[in-house]
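Structure record follows, encoded as structure tokens.
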Amino acid sequence: MGTQRNGFSKRETFILAVDVGTTSIRCHVYDKSASIRGSCSTKVSLLYPQPGWVEIDPDDLWKGFVTVVKGAVQDSGLQMCQMESLGISTQRATFMTWDRNTGEPFHNFITWQDLRAAELVKSWNRSCTMKTVHGVMKMLHFLTRQKRFLAASLVVFTTQHVSLRLVWALNNIPQLRQAVEDDSCYFGTIDTWLLYKLTKGLVHATDYSNASATAIFDSYQMCWSGFLCSLLSIPLSILPSVQNTSHKFGTCDPSIFGVPIPIMSLMADQQAAMFGECCFDIGDVKITMGTGTFMDINTGNKPHTSVAGLYPLVGWKIGADVVYLAEGNAAGTGAAIKWAQDLELFSDVKETEAIATSVKDSDGVYFVPSFSGLQAPLNDPKACASFMGLKPSTTKKHLVRAILESIAFRNKQLFDVMLRETRIPITKIRADGGVCTNNFIMQLTADLLGRKIERPSHFDMSCLGAAFVAGLGTVDRRGESEESGDDETKRKSLNGEVDSLQAPSTVPEESPVDMDTITLDPDEEDVDLVHCRIGKIEGLEVLRKAKTISLRQNLIKRIENLDSLVSLRELDLYDNQIRKLENLQALTELEQLDVSFNLLRKIEGLECLTKIKKLFLLHNKITSIANLDQMASLQMLELGSNRIRVIENLDSLSSLESLFLGTNKITQLQNLDGLHSLTVLSIQSNRITKLEGLQNLVNLRELYLSHNGIEVIEGLENNKKLTTLDIAANRIKKIENISHLTDLKEFWMNDNQIDNWADLDELKNAKGLETVYLERNPLQKDPQYRRKIMLALPSVRQIDATFIRF
């Protein structure tokens with residue numbers, strides 16, 4: 001949600017990026033400078049039907065995906081039609097199969113953590129077949145000296161790879177075997193399934209980064225491995241087509257988000273994090289510390305052949321260029337910390353750093369973080385997690401320190417084998433992931449490696465990488481760039497130093513444009529000079545016939561001669577450096593004015609804009625606004641992110657449909673009673689303690705009042721058309737006056753003081769209610785919290801997603 005921008009200008013667009021991880025789904029809306037405008041996340045519910053089995057319900061995953069996309073756009077205060085493209089990053093090696101005709105899954109997603117194929121893995125690795133394969137491949141390598149044969153001679157199966165888990169599914173699920181025989185089966189990792197759902201079954205595809213992580217893809221030949229599929233009896237017909245990482249995979253069906261959004265990138269999460277960290281040079285290293293640790297090194301345009309367990313991956317393929325990575329991983333990172341928390345060694349993960357530093361050492365205690373065996377360089381799937389060196393003097397503090405130290409020690413192991421095997425000079429090391437926020441682990445890792453480790457200001461690099469790649473594809477699709485990427489531009493974009501999410505810059509080499517060299521055509525009706533870095537504009541007086549003028553995203557400090565633009569209907573001055581706006585009184589035909597993201601403290605002449613319908617004044621320094629009573633035609637008014645304390649004469653705006661006043665200093669809002677046409681009202685992040693006049697807003701459909709100081713909200717009984725109600729982060733102790741909101745679909749009441757289950761009775765009449773957020777209320781202390789909500793509100797499908805507001 002949020003109200004940072006809700007303009008309808010067709011020229012301002014944004015990029016959506018979604019990361020589907022092991023524990024959560026996160027979506028961010030990125031603007032042109034790679035800044036996050038809105039975010040939403042929800043948890044991934046893992047299922048454990050049998051010991052060692054780890055699954056995800058595909059329908060729950062799909063609903064969570066749609067929810068976070070809609071939530072992030074809502075959080076940004078933008079419109080879905082402003083989303084120019086979508087990039088998707090997903091956890092790897094989690095797969096599913098489904099009926100290609102009906103789309104019905106044959107089973108849940110089988111995740112990368114699943115151990116159901118453990119016996120199959122052991123059997124295959126010990127088999128005569130594998131010994132024969134290894135021998136033949138060694139001979140072929142000796143004869144041809146091709147590294148791909150050397151790699152094949154060293155391959156062993158693991159439970160983390162898709163290959164044998166898919167074999168298990170083919171052997172144990174009868175309807176799946178029948179579908180394969182009938183040629184009606186599709187296989188796909190999470191990205192493929194989401195693409196299939198987004199395009200309503202029109203596209204069955206993946207990208208090279210995801211395909212290379214399945215262990216049934218030949219990274220040397222850049223295609224599905226016919227040999228391996230033949231060896232394991234995996235039919236090639238069920239596998240998706242493999243496309244470039246930056247590619248127009250398809251378009252979201254309009255019925256899902258209301259508009260057709262192009263899907264411009266699919267990417268595996270670790271490769272996306274590598275791209276987001278701008279590790280574009282050979283020798284760049286990225287360390288992601290989340291549920292597990294994944295250490296990747298850029299090996300350039302050749303895959304690395306490892307004898308110690310590093311895995312060669314396709315990092316990304318953009319155009320004709322392919323970048324390869326070598327990866328080592330350790331499974332028990334965040335998982336070890338979560339396990340320790342469940343044992344009540346500490347209550348909050350944030351405490352671990354202080355606990356670890358409160359003792360001078362671990363008192364000789366060592367922890368082996370091997371809940372899923374030990375990966376490279378030890379490669380022991382049977383290794384068990386254990387403490388060693390326990391003694392009577394050992395305390396909880398020593399145990400916590402030993403666990404944190406074990407993560408740094410595994411980082412050292414992976415780094416040493418990476419140095420020894422690749423023999424590539426390390427150019428830089430960057431880290432991300434939730435565990436990266438722990439200063440103790442980071443400092444110890446840096447000390448052990450003897451290297452400087454760079455840490456970003458925010459850690460959601462997978463989303464950022466997917467957004468970068470989607471941006472590249474978007475530029476190519478527009479025809480504004482023929483290059484596949486400019487490293488320096490992307491590096492600057494990571495640091496917020498450039499003004500385009502896409503790389504290379506959409507501004508040609510000859511920019512900035514000097515207006516003295518441009519002749520304005522007196523007969524021109526549409527003037528479009530967007531993002532030309534213009535510092536001063538002259539000669540506007542000749543544009544007497546102009547109906548639309550767009551000068552957005554320039555460096556203009558002052559604009560003169562507006563009084564000559566007698567025919568002007570739309571004026572767009574968004575994102576400049578204007579401090580004063582004069583001569584508006586001549587623009588009697590003006591219907592839309594956008595001066596958001598400037599330096600205005602005051603705006604005069606509004607009373608003359610009698611035909612104006614849309615007025616955008618977001619992100620300025622305006623302290624007050626007057627003369628609204630003359631703008632009887634106004635339909636949309638945005639004044640968010642200013643310094644307004646009082647706003648008057650709202651009751652005169654009888655045609656107003658949308659009003660956005662978020663992030664100001666408003667303490668009281670009156671005169672709402674005349675806004676009979678209002679459908680959207682947002683007054684988030686102000687200082688309102690009481691709101692009056694809601695009872696007259698009979699056409700209101702969306703109401704956002706979060707982050708104020710409201711204790712009681714009145715008048716809702718008349719707002720019977722409300723579909724979205726957000727009163728989160730206030731001081732409300734009781735839910736009242738909402739029993740008549742029968743059309744309600746989304747309800748936010750998190751971060752308040754609700755402690756009475758009887759309050760939920762107020763929501764029972766809303767038969768279409770699908771989304772309820774009540775987390776961080778006293779209600780949540782009830783151990784049966786979620787169950788009671790579902791019983792009280794059976795239509796609800798989404799509970800307690802975590803919203804990040806900016």
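In the structure tokens, each chain is lettered A, B, ... as it comes, each chain's residues begin at 1, and ligands are numbered from 1 in order of appearance.
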Show which residues sit within 6 Å of Leu618 of chain A, as an mmCIF file with C-alpha atoms, in the first residue's frame. Count only C-alpha atoms, and ignore same-chain residues fewer than 6 positions away.
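Once written, selection_25.cif looks like this:
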data_model
loop_
_atom_site.group_PDB
_atom_site.id
_atom_site.type_symbol
_atom_site.label_atom_id
_atom_site.label_comp_id
_atom_site.auth_asym_id
_atom_site.auth_seq_id
_atom_site.Cartn_x
_atom_site.Cartn_y
_atom_site.Cartn_z
ATOM 1 C CA SER A 596 5.266 15.543 -8.289
ATOM 2 C CA LEU A 639 -0.871 15.361 -2.142
ATOM 3 C CA GLY A 640 1.105 12.559 -0.488
ATOM 4 C CA SER A 641 4.585 13.017 0.992
#
Could you list, as a list in words, every residue within 12 Å of Glu582 of chain A, counting only C-alpha atoms and ignoring same-chain residues fewer than 2 positions away?
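Within the cut-off, the hits are Arg558, Ile559, Glu560, Asn561, Leu562, Asp563, Ile578, Arg579, Lys580, Leu584, Gln585, Ala586, Leu587, Leu600, Lys602, Ile603, Glu604, Gly605 and Leu606 of chain A.
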Contacts of segment 545-556 of chain A within 8 Å, only C-alpha atoms, excl. fewer than 3 positions in-chain, as an MDAnalysis selection string:
chainID A and resid 522:537 559 565:578
Return the single residue from A:Leu769, A:Leu46, A:Val435, A:Ile710 that is closest to Thr723 of chain A, with distances computed using only C-alpha atoms.
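So, comparing all the options, the nearest one is A:Leu769.
For the atom pair formed by atom CA of Leu390 of chain A and atom CA of Ser362 of chain A, the distance is 9.9 Å, given to one decimal.
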Using only C-alpha atoms, determine which residues lie at most 9 Å from Asn737 of chain A, disregarding the query and same-chain residues fewer than 5 positions distant; provide the list as a PyMOL selection string.
chain A and resi 713-718+762
Convert the current residue selection to file output with all heavy atoms, as a compact mmCIF listing (two decimals), in the first residue's frame.
# COMPACT_ATOMS: atom_id res chain seq x y z
N ILE A 713 -12.89 4.32 15.10
CA ILE A 713 -13.27 4.75 13.76
C ILE A 713 -14.78 4.64 13.63
O ILE A 713 -15.38 3.62 13.94
CB ILE A 713 -12.54 3.93 12.68
CG1 ILE A 713 -12.87 4.47 11.29
CG2 ILE A 713 -12.82 2.46 12.79
CD1 ILE A 713 -11.93 3.96 10.23
N GLU A 714 -15.42 5.75 13.19
CA GLU A 714 -16.87 5.83 13.15
C GLU A 714 -17.36 6.06 11.72
O GLU A 714 -16.64 6.58 10.87
CB GLU A 714 -17.35 6.97 14.05
CG GLU A 714 -16.97 6.78 15.52
CD GLU A 714 -17.38 7.99 16.37
OE1 GLU A 714 -17.77 9.01 15.78
OE2 GLU A 714 -17.29 7.90 17.60
N GLY A 715 -18.61 5.71 11.50
CA GLY A 715 -19.25 6.00 10.22
C GLY A 715 -19.13 4.91 9.19
O GLY A 715 -19.69 5.03 8.09
N LEU A 716 -18.44 3.84 9.50
CA LEU A 716 -18.25 2.79 8.52
C LEU A 716 -19.54 2.06 8.14
O LEU A 716 -19.60 1.42 7.10
CB LEU A 716 -17.22 1.76 9.03
CG LEU A 716 -15.76 2.22 9.06
CD1 LEU A 716 -14.90 1.14 9.71
CD2 LEU A 716 -15.26 2.52 7.67
N GLU A 717 -20.55 2.17 9.01
CA GLU A 717 -21.79 1.44 8.72
C GLU A 717 -22.46 1.90 7.44
O GLU A 717 -23.28 1.17 6.86
CB GLU A 717 -22.76 1.56 9.90
CG GLU A 717 -23.19 2.99 10.23
CD GLU A 717 -22.25 3.67 11.21
OE1 GLU A 717 -21.16 3.13 11.46
OE2 GLU A 717 -22.62 4.74 11.72
N ASN A 718 -22.12 3.11 6.95
CA ASN A 718 -22.71 3.61 5.71
C ASN A 718 -21.85 3.30 4.48
O ASN A 718 -22.31 3.49 3.36
CB ASN A 718 -22.94 5.12 5.79
CG ASN A 718 -24.05 5.47 6.77
OD1 ASN A 718 -24.85 4.61 7.12
ND2 ASN A 718 -24.09 6.70 7.20
N GLU A 762 -18.04 -9.33 13.76
CA GLU A 762 -18.37 -8.17 12.92
C GLU A 762 -18.06 -8.45 11.44
O GLU A 762 -18.60 -7.79 10.56
CB GLU A 762 -17.58 -6.95 13.38
CG GLU A 762 -18.00 -6.39 14.72
CD GLU A 762 -19.16 -5.41 14.59
OE1 GLU A 762 -19.20 -4.68 13.59
OE2 GLU A 762 -20.03 -5.38 15.47
Hey, could you make a per-residue contact list for segment 261-343 of chain A against segment 397-403 of chain A with 8 Å as the cut-off, showing the nearest pair of atoms and its distance in Å to one decimal, counting only C-alpha atoms, sorted by chain and number, as CSV?
residue,atom,partner,partner_atom,distance
A:Ala336,CA,A:Ile403,CA,7.2
A:Ile337,CA,A:Ile403,CA,7.3
A:Ala340,CA,A:Val400,CA,7.6
Could you save the residues just selected, with all heavy atoms, as a PDB file, in the first residue's frame?
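Printed below is out-v7.pdb as written:
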ATOM      1  N   ALA A 336      20.232 -23.956  10.950  1.00  0.00           N
ATOM      2  CA  ALA A 336      20.874 -24.231  12.242  1.00  0.00           C
ATOM      3  C   ALA A 336      20.471 -23.198  13.285  1.00  0.00           C
ATOM      4  O   ALA A 336      20.229 -23.527  14.458  1.00  0.00           O
ATOM      5  CB  ALA A 336      22.389 -24.251  12.070  1.00  0.00           C
ATOM      6  N   ILE A 337      20.388 -21.940  12.848  1.00  0.00           N
ATOM      7  CA  ILE A 337      19.998 -20.882  13.782  1.00  0.00           C
ATOM      8  C   ILE A 337      18.551 -21.062  14.210  1.00  0.00           C
ATOM      9  O   ILE A 337      18.217 -20.907  15.398  1.00  0.00           O
ATOM     10  CB  ILE A 337      20.221 -19.501  13.124  1.00  0.00           C
ATOM     11  CG1 ILE A 337      21.713 -19.270  12.874  1.00  0.00           C
ATOM     12  CG2 ILE A 337      19.650 -18.383  13.992  1.00  0.00           C
ATOM     13  CD1 ILE A 337      22.034 -18.021  12.103  1.00  0.00           C
ATOM     14  N   ALA A 340      18.336 -23.823  16.751  1.00  0.00           N
ATOM     15  CA  ALA A 340      18.781 -23.373  18.071  1.00  0.00           C
ATOM     16  C   ALA A 340      17.710 -22.523  18.753  1.00  0.00           C
ATOM     17  O   ALA A 340      17.516 -22.598  19.967  1.00  0.00           O
ATOM     18  CB  ALA A 340      20.080 -22.583  17.938  1.00  0.00           C
TER      19      ALA A 340
END
Would you mind telling me which residue in A:Val69, A:Leu449, A:Met418, A:Leu628 lies nearest to Asp651 of chain A when using only C-alpha atoms?
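Between A:Val69, A:Leu449, A:Met418, A:Leu628, the residue approaching Asp651 of chain A most closely is A:Leu628.
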Neighbour list for Arg643 of chain A as a tab-separated table (two decimals) with N, CA and C atoms, in the first residue's frame, cut-off 6 Å, only C-alpha atoms, skip fewer than 3 positions in-chain:
chain	number	residue	atom	x	y	z
A	621	LYS	N	7.44	19.98	-0.95
A	621	LYS	CA	7.60	20.50	0.40
A	621	LYS	C	6.45	21.42	0.76
A	622	ILE	N	5.29	21.13	0.21
A	622	ILE	CA	4.11	21.98	0.37
A	622	ILE	C	3.60	21.88	1.80
A	623	THR	N	3.36	23.02	2.41
A	623	THR	CA	2.86	23.06	3.79
A	623	THR	C	1.37	23.32	3.86
A	664	ASN	N	1.84	12.95	5.37
A	664	ASN	CA	1.86	14.38	5.63
A	664	ASN	C	1.86	14.57	7.15
A	665	LYS	N	1.42	15.71	7.62
A	665	LYS	CA	1.38	15.98	9.06
A	665	LYS	C	-0.03	16.38	9.49
Taking only segment 275-459 of chain A into account, list the residues labelled alpha helix (DSSP H) by DSSP (computed from the backbone), as number ranges by chain.
A: 275-276, 334-342, 352-357, 396-422, 439-449
Exercise: Arg116 of chain A partners within 8 Å, only C-alpha atoms, chain neighbours under 4 positions left out, as a PDB file with C-alpha atoms, in the first residue's frame:
ATOM      1  CA  GLY A  52      12.147 -36.618   5.291  1.00  0.00           C
ATOM      2  CA  TRP A  53       9.508 -35.434   2.816  1.00  0.00           C
ATOM      3  CA  THR A 159      19.035 -35.645  -3.066  1.00  0.00           C
ATOM      4  CA  ARG A 165      13.515 -37.161  -7.111  1.00  0.00           C
ATOM      5  CA  TRP A 168      11.070 -41.475  -7.714  1.00  0.00           C
TER       6      TRP A 168
END
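The list of residues with at least one atom within 7 Å of Met461 of chain A, based on only C-alpha atoms and without residues fewer than 2 positions apart in the same chain, reads Ala273, Gly276, Glu277, Asp432, Phe459, Cys463, Leu464 and Gly465 of chain A.
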Please, which residues of segment 83-255 of chain A, numbered as in this document, come out strand (DSSP E) from DSSP, as an MDAnalysis selection string?
chainID A and resid 83:90 95:99 109:110 185:189 205:207 217:218 223:224 241:243 246:251
Would you mind telling me which residue in A:Lys286, A:Asn620, A:Val156, A:Gly471 lies nearest to Thr129 of chain A when using only C-alpha atoms?
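Nearest to Thr129 of chain A: A:Val156.
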